[in-house]
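Source file input-v8.cif; content: mmCIF, C-alpha atoms, pLDDT in the B column; chains and numbers go by the auth columns.
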```cif
data_run
loop_
_atom_site.group_PDB
_atom_site.id
_atom_site.type_symbol
_atom_site.label_atom_id
_atom_site.label_comp_id
_atom_site.label_asym_id
_atom_site.label_seq_id
_atom_site.Cartn_x
_atom_site.Cartn_y
_atom_site.Cartn_z
_atom_site.B_iso_or_equiv
_atom_site.auth_seq_id
_atom_site.auth_asym_id
ATOM 1 C CA MET A 1 183.891 281.774 30.284 34.00 6 A
ATOM 2 C CA ALA A 2 187.194 281.124 31.981 35.00 7 A
ATOM 3 C CA GLN A 3 189.944 283.570 31.169 37.00 8 A
ATOM 4 C CA SER A 4 193.576 283.437 32.188 38.00 9 A
ATOM 5 C CA LEU A 5 196.896 285.210 32.135 44.00 10 A
ATOM 6 C CA LYS A 6 199.921 282.988 32.195 43.00 11 A
ATOM 7 C CA LYS A 7 203.631 282.904 31.529 43.00 12 A
ATOM 8 C CA GLY A 8 204.505 280.420 28.812 44.00 13 A
ATOM 9 C CA ARG A 9 207.257 277.868 28.781 39.00 14 A
ATOM 10 C CA GLN A 10 210.854 278.835 28.252 43.00 15 A
ATOM 11 C CA ILE A 11 212.200 277.334 25.040 39.00 16 A
ATOM 12 C CA ASP A 12 215.931 277.789 24.433 46.00 17 A
ATOM 13 C CA GLY A 13 215.860 280.636 26.936 50.00 18 A
ATOM 14 C CA THR A 14 213.073 282.498 25.178 58.00 19 A
ATOM 15 C CA THR A 15 210.083 283.493 27.282 60.00 20 A
ATOM 16 C CA THR A 16 206.643 283.559 25.721 61.00 21 A
ATOM 17 C CA ILE A 17 203.945 285.427 27.638 65.00 22 A
ATOM 18 C CA THR A 18 200.381 284.910 26.493 63.00 23 A
ATOM 19 C CA ILE A 19 196.997 286.233 27.537 59.00 24 A
ATOM 20 C CA ASN A 20 194.069 284.420 25.963 55.00 25 A
ATOM 21 C CA HIS A 21 190.299 284.715 26.153 49.00 26 A
ATOM 22 C CA ASP A 22 188.079 281.707 25.513 45.00 27 A
ATOM 23 C CA LYS A 23 185.929 283.605 23.090 40.00 28 A
ATOM 24 C CA LEU A 24 184.566 282.595 19.728 35.00 29 A
ATOM 25 C CA LEU A 25 185.538 285.087 17.031 40.00 30 A
ATOM 26 C CA ILE A 26 183.784 284.994 13.692 34.00 31 A
ATOM 27 C CA VAL A 27 185.668 287.213 11.271 34.00 32 A
ATOM 28 C CA THR A 28 184.350 287.757 7.784 38.00 33 A
ATOM 29 C CA LEU A 29 186.112 289.409 4.912 44.00 34 A
ATOM 30 C CA LEU A 30 183.909 292.464 5.176 42.00 35 A
ATOM 31 C CA THR A 31 184.536 293.053 8.878 41.00 36 A
ATOM 32 C CA LEU A 32 188.249 292.319 8.580 48.00 37 A
ATOM 33 C CA PHE A 33 188.841 295.031 6.042 47.00 38 A
ATOM 34 C CA GLY A 34 186.026 297.308 7.063 46.00 39 A
ATOM 35 C CA GLY A 35 182.931 298.306 5.227 45.00 40 A
ATOM 36 C CA ILE A 36 181.441 297.425 1.891 46.00 41 A
ATOM 37 C CA ILE A 37 183.818 296.326 -0.856 48.00 42 A
ATOM 38 C CA ALA A 38 184.014 298.973 -3.542 53.00 43 A
ATOM 39 C CA ASP A 39 185.822 299.128 -6.861 59.00 44 A
ATOM 40 C CA TYR A 40 188.959 301.005 -5.828 75.00 45 A
ATOM 41 C CA LYS A 41 191.289 301.327 -8.799 88.00 46 A
ATOM 42 C CA CYS A 42 194.713 302.921 -8.908 94.00 47 A
ATOM 43 C CA PRO A 43 194.755 306.513 -10.190 94.00 48 A
ATOM 44 C CA PRO A 44 195.400 306.814 -13.944 93.00 49 A
ATOM 45 C CA ASN A 45 198.882 308.373 -13.657 95.00 50 A
ATOM 46 C CA PRO A 46 201.228 305.745 -12.158 95.00 51 A
ATOM 47 C CA ASP A 47 204.273 308.022 -12.330 96.00 52 A
ATOM 48 C CA ILE A 48 203.119 310.144 -9.400 97.00 53 A
ATOM 49 C CA PHE A 49 203.814 307.173 -7.092 98.00 54 A
ATOM 50 C CA LEU A 50 207.447 306.783 -8.155 97.00 55 A
ATOM 51 C CA PRO A 51 209.761 305.461 -6.812 97.00 56 A
ATOM 52 C CA CYS A 52 206.935 303.460 -5.201 98.00 57 A
ATOM 53 C CA GLU A 53 203.887 302.083 -6.999 97.00 58 A
ATOM 54 C CA CYS A 54 200.146 301.671 -6.677 97.00 59 A
ATOM 55 C CA LEU A 55 198.982 298.056 -6.861 93.00 60 A
ATOM 56 C CA VAL A 56 195.688 296.223 -7.088 89.00 61 A
ATOM 57 C CA ASP A 57 196.463 292.595 -6.289 72.00 62 A
ATOM 58 C CA PRO A 58 193.985 290.264 -8.018 66.00 63 A
ATOM 59 C CA GLY A 59 195.224 287.365 -5.925 64.00 64 A
ATOM 60 C CA ILE A 60 194.283 288.945 -2.596 59.00 65 A
ATOM 61 C CA LEU A 61 191.592 291.590 -2.816 57.00 66 A
ATOM 62 C CA PRO A 62 190.945 292.727 -6.373 57.00 67 A
ATOM 63 C CA PHE A 63 188.768 295.597 -5.209 69.00 68 A
ATOM 64 C CA TYR A 64 191.365 297.416 -3.117 86.00 69 A
ATOM 65 C CA ARG A 65 194.444 299.426 -3.994 93.00 70 A
ATOM 66 C CA SER A 66 197.696 299.620 -2.033 95.00 71 A
ATOM 67 C CA ILE A 67 200.961 301.560 -2.132 97.00 72 A
ATOM 68 C CA TYR A 68 204.139 299.485 -2.249 97.00 73 A
ATOM 69 C CA CYS A 69 207.712 300.756 -1.760 98.00 74 A
ATOM 70 C CA LYS A 70 210.652 298.399 -2.309 97.00 75 A
ATOM 71 C CA GLY A 71 214.312 298.324 -3.355 96.00 76 A
ATOM 72 C CA ASP A 72 217.441 299.614 -1.652 96.00 77 A
ATOM 73 C CA GLN A 73 217.694 303.178 -2.983 96.00 78 A
ATOM 74 C CA PRO A 74 216.848 306.069 -0.614 96.00 79 A
ATOM 75 C CA ILE A 75 213.244 307.291 -0.693 97.00 80 A
ATOM 76 C CA ASN A 76 211.957 310.579 0.701 98.00 81 A
ATOM 77 C CA LEU A 77 208.609 309.292 1.930 98.00 82 A
ATOM 78 C CA THR A 78 207.491 312.697 3.206 98.00 83 A
ATOM 79 C CA ALA A 79 208.021 314.288 -0.221 98.00 84 A
ATOM 80 C CA LEU A 80 206.258 311.363 -1.915 98.00 85 A
ATOM 81 C CA PHE A 81 203.108 311.665 0.173 98.00 86 A
ATOM 82 C CA GLN A 82 203.075 315.455 -0.050 98.00 87 A
ATOM 83 C CA ARG A 83 203.063 315.080 -3.833 98.00 88 A
ATOM 84 C CA LEU A 84 200.246 312.541 -3.672 98.00 89 A
ATOM 85 C CA SER A 85 198.289 314.808 -1.346 98.00 90 A
ATOM 86 C CA HIS A 86 198.453 317.662 -3.865 98.00 91 A
ATOM 87 C CA GLU A 87 197.888 315.677 -7.064 97.00 92 A
ATOM 88 C CA LEU A 88 195.314 313.049 -6.116 97.00 93 A
ATOM 89 C CA LYS A 89 191.586 313.666 -6.029 95.00 94 A
ATOM 90 C CA ALA A 90 189.744 313.257 -2.743 95.00 95 A
ATOM 91 C CA ASP A 91 188.358 309.844 -3.755 93.00 96 A
ATOM 92 C CA GLU A 92 191.857 308.631 -4.709 95.00 97 A
ATOM 93 C CA LYS A 93 193.435 309.064 -1.272 97.00 98 A
ATOM 94 C CA ASP A 94 192.280 305.943 0.574 95.00 99 A
ATOM 95 C CA TYR A 95 194.198 302.646 0.353 95.00 100 A
ATOM 96 C CA LEU A 96 194.069 299.212 1.896 93.00 101 A
ATOM 97 C CA PHE A 97 197.809 298.760 2.549 95.00 102 A
ATOM 98 C CA PHE A 98 200.962 300.809 2.759 97.00 103 A
ATOM 99 C CA MET A 99 203.821 298.333 2.356 97.00 104 A
ATOM 100 C CA GLN A 100 207.235 299.805 3.161 97.00 105 A
ATOM 101 C CA PHE A 101 209.758 297.177 2.031 97.00 106 A
ATOM 102 C CA ASN A 102 212.536 299.582 1.064 97.00 107 A
ATOM 103 C CA ASP A 103 215.835 298.721 2.758 97.00 108 A
ATOM 104 C CA ALA A 104 217.234 302.273 2.712 97.00 109 A
ATOM 105 C CA VAL A 105 214.467 303.882 4.789 97.00 110 A
ATOM 106 C CA ASP A 106 215.720 304.239 8.366 97.00 111 A
ATOM 107 C CA VAL A 107 212.980 306.302 10.051 98.00 112 A
ATOM 108 C CA LEU A 108 209.252 306.939 9.723 98.00 113 A
ATOM 109 C CA PRO A 109 209.005 310.687 10.393 98.00 114 A
ATOM 110 C CA ALA A 110 206.213 312.833 11.788 98.00 115 A
ATOM 111 C CA ASN A 111 203.206 313.462 9.535 98.00 116 A
ATOM 112 C CA VAL A 112 204.769 311.370 6.785 98.00 117 A
ATOM 113 C CA PHE A 113 201.459 310.284 5.203 98.00 118 A
ATOM 114 C CA ALA A 114 199.957 313.784 4.873 98.00 119 A
ATOM 115 C CA ASP A 115 196.244 313.076 4.190 98.00 120 A
ATOM 116 C CA ILE A 116 196.696 309.714 2.442 98.00 121 A
ATOM 117 C CA THR A 117 194.896 307.057 4.484 97.00 122 A
ATOM 118 C CA PHE A 118 195.410 303.331 5.011 97.00 123 A
ATOM 119 C CA GLN A 119 193.680 300.515 6.838 95.00 124 A
ATOM 120 C CA ASN A 120 196.921 298.560 7.195 96.00 125 A
ATOM 121 C CA VAL A 121 200.545 299.684 7.465 98.00 126 A
ATOM 122 C CA GLU A 122 203.384 297.191 7.061 97.00 127 A
ATOM 123 C CA LEU A 123 206.936 298.327 7.817 97.00 128 A
ATOM 124 C CA ASP A 124 209.545 295.850 6.660 96.00 129 A
ATOM 125 C CA GLY A 125 213.024 297.229 6.083 93.00 130 A
ATOM 126 C CA LYS A 126 216.519 296.250 7.183 94.00 131 A
ATOM 127 C CA LYS A 127 217.423 299.758 8.403 96.00 132 A
ATOM 128 C CA LEU A 128 214.127 301.050 9.805 97.00 133 A
ATOM 129 C CA THR A 129 214.873 301.648 13.479 98.00 134 A
ATOM 130 C CA LYS A 130 212.694 304.584 14.562 98.00 135 A
ATOM 131 C CA VAL A 131 209.046 305.620 14.298 98.00 136 A
ATOM 132 C CA HIS A 132 208.062 309.160 15.307 98.00 137 A
ATOM 133 C CA ARG A 133 205.150 309.472 17.715 98.00 138 A
ATOM 134 C CA LEU A 134 203.288 311.512 15.053 98.00 139 A
ATOM 135 C CA ALA A 135 204.203 309.228 12.152 98.00 140 A
ATOM 136 C CA LEU A 136 200.656 307.907 11.774 98.00 141 A
ATOM 137 C CA ASN A 137 199.032 311.345 11.699 97.00 142 A
ATOM 138 C CA GLY A 138 196.592 311.620 8.823 96.00 143 A
ATOM 139 C CA THR A 139 195.781 307.918 8.818 97.00 144 A
ATOM 140 C CA GLN A 140 195.346 307.456 12.570 97.00 145 A
ATOM 141 C CA ASP A 141 191.542 307.258 12.327 97.00 146 A
ATOM 142 C CA THR A 142 191.427 304.648 9.538 97.00 147 A
ATOM 143 C CA LEU A 143 194.325 302.424 10.609 97.00 148 A
ATOM 144 C CA LYS A 144 193.262 298.963 11.835 97.00 149 A
ATOM 145 C CA ASN A 145 196.453 296.876 11.668 98.00 150 A
ATOM 146 C CA LEU A 146 200.136 297.729 12.103 98.00 151 A
ATOM 147 C CA TYR A 147 202.873 295.252 11.194 98.00 152 A
ATOM 148 C CA THR A 148 206.601 295.888 11.635 97.00 153 A
ATOM 149 C CA HIS A 149 209.326 293.425 10.696 96.00 154 A
ATOM 150 C CA SER A 150 212.177 295.857 11.261 96.00 155 A
ATOM 151 C CA PRO A 151 214.994 296.331 13.808 97.00 156 A
ATOM 152 C CA LEU A 152 213.151 298.964 15.857 97.00 157 A
ATOM 153 C CA VAL A 153 215.073 300.321 18.841 97.00 158 A
ATOM 154 C CA ASP A 154 213.882 301.601 22.203 97.00 159 A
ATOM 155 C CA GLY A 155 211.998 304.873 22.243 96.00 160 A
ATOM 156 C CA ASP A 156 213.821 308.152 22.756 95.00 161 A
ATOM 157 C CA GLY A 157 211.633 311.191 23.338 96.00 162 A
ATOM 158 C CA ASP A 158 209.388 311.750 20.331 97.00 163 A
ATOM 159 C CA TRP A 159 210.837 308.743 18.508 98.00 164 A
ATOM 160 C CA ASP A 160 208.747 306.005 20.073 97.00 165 A
ATOM 161 C CA VAL A 161 206.634 303.420 18.242 98.00 166 A
ATOM 162 C CA PHE A 162 204.408 302.884 21.293 98.00 167 A
ATOM 163 C CA LYS A 163 203.516 306.581 21.420 97.00 168 A
ATOM 164 C CA ALA A 164 202.589 306.387 17.733 98.00 169 A
ATOM 165 C CA ILE A 165 200.372 303.374 18.409 98.00 170 A
ATOM 166 C CA ASN A 166 198.599 305.180 21.239 96.00 171 A
ATOM 167 C CA LEU A 167 197.587 307.997 18.892 97.00 172 A
ATOM 168 C CA ALA A 168 195.926 305.542 16.488 98.00 173 A
ATOM 169 C CA ALA A 169 192.803 305.002 18.545 97.00 174 A
ATOM 170 C CA ASN A 170 191.112 302.558 16.146 97.00 175 A
ATOM 171 C CA LEU A 171 194.000 300.099 15.868 98.00 176 A
ATOM 172 C CA TYR A 172 192.922 296.622 16.856 96.00 177 A
ATOM 173 C CA TYR A 173 195.997 294.566 15.920 98.00 178 A
ATOM 174 C CA ILE A 174 199.735 295.228 16.189 98.00 179 A
ATOM 175 C CA ASN A 175 202.541 292.867 15.241 98.00 180 A
ATOM 176 C CA LEU A 176 206.082 293.952 16.098 97.00 181 A
ATOM 177 C CA ALA A 177 208.621 291.333 14.995 96.00 182 A
ATOM 178 C CA TYR A 178 212.393 291.096 14.547 96.00 183 A
ATOM 179 C CA THR A 179 212.891 294.190 16.694 96.00 184 A
ATOM 180 C CA ASN A 180 215.913 295.306 18.702 97.00 185 A
ATOM 181 C CA LEU A 181 213.708 296.501 21.544 97.00 186 A
ATOM 182 C CA THR A 182 215.167 295.801 24.980 97.00 187 A
ATOM 183 C CA LYS A 183 212.126 296.945 26.925 97.00 188 A
ATOM 184 C CA ILE A 184 208.460 297.712 26.677 97.00 189 A
ATOM 185 C CA PRO A 185 208.277 301.033 28.529 97.00 190 A
ATOM 186 C CA ASP A 186 206.093 301.994 31.461 97.00 191 A
ATOM 187 C CA ASN A 187 202.526 302.809 30.369 97.00 192 A
ATOM 188 C CA ALA A 188 203.409 301.715 26.818 97.00 193 A
ATOM 189 C CA LEU A 189 199.881 300.868 25.666 97.00 194 A
ATOM 190 C CA GLN A 190 197.925 301.627 28.809 97.00 195 A
ATOM 191 C CA SER A 191 194.207 302.269 28.219 97.00 196 A
ATOM 192 C CA HIS A 192 194.355 301.996 24.437 97.00 197 A
ATOM 193 C CA PRO A 193 190.643 301.937 23.546 97.00 198 A
ATOM 194 C CA SER A 194 190.592 299.438 20.661 97.00 199 A
ATOM 195 C CA LEU A 195 193.494 296.983 20.761 97.00 200 A
ATOM 196 C CA GLN A 196 192.339 293.370 20.586 96.00 201 A
ATOM 197 C CA ARG A 197 195.497 291.472 19.613 97.00 202 A
ATOM 198 C CA ILE A 198 199.130 292.275 20.399 97.00 203 A
ATOM 199 C CA ASP A 199 202.069 290.238 19.074 97.00 204 A
ATOM 200 C CA ILE A 200 205.649 291.186 19.930 96.00 205 A
ATOM 201 C CA ALA A 201 207.674 288.326 18.511 93.00 206 A
ATOM 202 C CA LEU A 202 211.174 287.230 17.535 94.00 207 A
ATOM 203 C CA SER A 203 212.764 289.970 19.640 94.00 208 A
ATOM 204 C CA PRO A 204 215.601 288.285 21.574 94.00 209 A
ATOM 205 C CA SER A 205 216.864 291.608 22.980 96.00 210 A
ATOM 206 C CA LEU A 206 213.616 292.138 24.888 97.00 211 A
ATOM 207 C CA THR A 207 214.267 291.646 28.613 97.00 212 A
ATOM 208 C CA SER A 208 211.795 293.837 30.508 97.00 213 A
ATOM 209 C CA ILE A 209 208.173 294.947 30.524 97.00 214 A
ATOM 210 C CA GLY A 210 207.424 298.208 32.294 97.00 215 A
ATOM 211 C CA SER A 211 204.799 298.994 34.884 97.00 216 A
ATOM 212 C CA ASN A 212 201.263 299.428 33.531 97.00 217 A
ATOM 213 C CA ALA A 213 202.525 298.547 30.041 97.00 218 A
ATOM 214 C CA PHE A 214 199.308 296.725 29.077 97.00 219 A
ATOM 215 C CA LYS A 215 197.048 297.973 31.831 96.00 220 A
ATOM 216 C CA ASN A 216 193.353 298.549 31.239 96.00 221 A
ATOM 217 C CA LEU A 217 193.137 297.270 27.670 96.00 222 A
ATOM 218 C CA THR A 218 189.416 296.685 27.886 94.00 223 A
ATOM 219 C CA LYS A 219 189.034 295.028 24.461 95.00 224 A
ATOM 220 C CA VAL A 220 192.147 292.864 24.462 95.00 225 A
ATOM 221 C CA GLU A 221 191.729 289.260 23.302 93.00 226 A
ATOM 222 C CA SER A 222 195.351 288.104 23.256 94.00 227 A
ATOM 223 C CA ILE A 223 198.833 289.343 24.069 95.00 228 A
ATOM 224 C CA ARG A 224 201.836 287.351 22.863 95.00 229 A
ATOM 225 C CA ILE A 225 205.371 288.411 23.748 94.00 230 A
ATOM 226 C CA GLU A 226 208.522 286.525 22.780 90.00 231 A
ATOM 227 C CA GLY A 227 211.849 287.535 24.276 89.00 232 A
ATOM 228 C CA TYR A 228 214.228 286.867 27.142 93.00 233 A
ATOM 229 C CA VAL A 229 211.947 288.640 29.606 95.00 234 A
ATOM 230 C CA LYS A 230 213.354 288.770 33.137 94.00 235 A
ATOM 231 C CA ASP A 231 211.638 291.796 34.673 96.00 236 A
ATOM 232 C CA ILE A 232 207.922 292.588 34.651 96.00 237 A
ATOM 233 C CA GLY A 233 206.768 295.817 36.275 96.00 238 A
ATOM 234 C CA ASP A 234 203.839 296.347 38.600 96.00 239 A
ATOM 235 C CA GLU A 235 200.407 295.876 37.034 96.00 240 A
ATOM 236 C CA ALA A 236 201.953 295.340 33.605 96.00 241 A
ATOM 237 C CA PHE A 237 198.994 293.139 32.638 93.00 242 A
ATOM 238 C CA ALA A 238 196.328 294.593 34.906 90.00 243 A
ATOM 239 C CA VAL A 239 193.276 294.171 32.692 73.00 244 A
ATOM 240 C CA SER A 240 190.037 294.427 34.615 51.00 245 A
ATOM 241 C CA HIS A 241 188.217 291.611 32.797 54.00 246 A
ATOM 242 C CA VAL A 242 191.116 289.124 32.714 49.00 247 A
ATOM 243 C CA SER A 243 191.640 286.798 35.675 42.00 248 A
ATOM 244 C CA THR A 244 195.204 286.754 37.000 42.00 249 A
ATOM 245 C CA ASP A 245 194.759 283.740 39.270 40.00 250 A
ATOM 246 C CA GLN A 246 197.770 282.125 37.602 37.00 251 A
ATOM 247 C CA PRO A 247 200.708 284.374 38.533 39.00 252 A
ATOM 248 C CA LEU A 248 203.428 285.320 36.093 40.00 253 A
#
```

Would you give me this structure, written as structure tokens?
Amino acid sequence: MAQSLKKGRQIDGTTTITINHDKLLIVTLLTLFGGIIADYKCPPNPDIFLPCECLVDPGILPFYRSIYCKGDQPINLTALFQRLSHELKADEKDYLFFMQFNDAVDVLPANVFADITFQNVELDGKKLTKVHRLALNGTQDTLKNLYTHSPLVDGDGDWDVFKAINLAANLYYINLAYTNLTKIPDNALQSHPSLQRIDIALSPSLTSIGSNAFKNLTKVESIRIEGYVKDIGDEAFAVSHVSTDQPL
């Protein structure tokens, strides 16, 4: 089937870059969330999750539990997950979602989740600007989807969301929105083994894409980038099975 890489139209100065495959995807509930649905209930002592909470949402997936943090008071996430690691039984440590909606959390530190695992992590906070490259340790093998709706800034040494993504080898979807990123660095996601969909949206500060940033993503289905992109480095979108006959 025909495949293409193209630069989208500029709308109000915003550049949208899209890579699409003409491929039929049939996604069922079981494959989307992985495995056979089991009866995962919250542990019997809700207080151990404070100031966050364990939820089973009957309106979405009544068989899966999630951890939800909200409000605007400071939370020590590392201490919270260390406590859960020590007090929960082995079969109480896997969750569908971690939803970080607390507006006082400003960083996601290294090894924050201890051995508590998630299939989806959603980071949505007004002050969250940095993600440590080891932040997803402990859940890196189970994580399938990463969503951030936070003002993330450009990477600085070990504080780099793209380095964290690269260590989560089974991730197949990332959505970074409302960021303050100005650039996607060189080699940002090069050769990630599992990524299928990449959305970097509503990031008006984004002006450049580094060399090899999305090179050799052998399973990629779509890449969508919204920003005021002016500079694109060499082989930024060099994917072996995607035709680049329509130049950027």

Hey, can I get the axis-aligned box for segment 222-238 of chain A? All listed atoms, 6 Å padding on each side, centre and edge lengths in Å to one decimal, as AutoDock Vina command-line options.
```
--center_x 201.6 --center_y 291.9 --center_z 29.5 --size_x 37.2 --size_y 22.7 --size_z 25.5
```

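Compared by their closest atoms to Val61 of chain A, and using all atoms listed in the file, the residues A:Met104, A:Ile230, A:Cys47, A:Val244 rank with A:Cys47 nearest.
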
Selected by the PyMOL selection byres ((chain A and resi 144-149) around 8) in the shown coordinates: which residues, as a PyMOL selection string?
chain A and resi 118+120-126+141-143+150-151+172-178

Have a look at A:Ala115, A:Leu194, A:Leu200, A:Ile72 and name the one nearest to Phe242 of chain A; count all atoms listed in the file.
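So, comparing all the options, the nearest one is A:Leu194.
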
Using all atoms listed in the file, which residue out of A:Pro209, A:Pro198, A:Gly130, A:Gly215 lies closest to Asn171 of chain A?
A:Pro198

Written as a list in words, what is the full residue list that the PyMOL selection byres ((chain A and resi 137) around 9) yields on the file shown?
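So the PyMOL selection byres ((chain A and resi 137) around 9), applied here, picks out Val112, Leu113, Pro114, Ala115, Asn116, Lys135, Val136, Arg138, Leu139, Ala140, Leu141, Asp163, Trp164, Asp165, Val166, Lys168 and Ala169 of chain A.
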
Pro56 of chain A environment, 10 Å, only C-alpha atoms, sequence neighbours closer than 5 positions dropped, as a list in words:
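In the requested format, the answer is Tyr73, Cys74, Lys75, Gly76, Gln78, Pro79, Ile80, Asn81, Leu82 and Leu85 of chain A.
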
Please write the residues from the selection above to a file, keeping C-alpha atoms, as a PDB file, in the frame of the given file.
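So the final result, stored in again-v8.pdb, reads:
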```pdb
ATOM      1  CA  TYR A  73     204.139 299.485  -2.249  1.00 97.00           C
ATOM      2  CA  CYS A  74     207.712 300.756  -1.760  1.00 98.00           C
ATOM      3  CA  LYS A  75     210.652 298.399  -2.309  1.00 97.00           C
ATOM      4  CA  GLY A  76     214.312 298.324  -3.355  1.00 96.00           C
ATOM      5  CA  GLN A  78     217.694 303.178  -2.983  1.00 96.00           C
ATOM      6  CA  PRO A  79     216.848 306.069  -0.614  1.00 96.00           C
ATOM      7  CA  ILE A  80     213.244 307.291  -0.693  1.00 97.00           C
ATOM      8  CA  ASN A  81     211.957 310.579   0.701  1.00 98.00           C
ATOM      9  CA  LEU A  82     208.609 309.292   1.930  1.00 98.00           C
ATOM     10  CA  LEU A  85     206.258 311.363  -1.915  1.00 98.00           C
TER      11      LEU A  85
END
```

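Atom CA of Asp52 of chain A is found 20.7 Å from atom CA of Ala109 of chain A.
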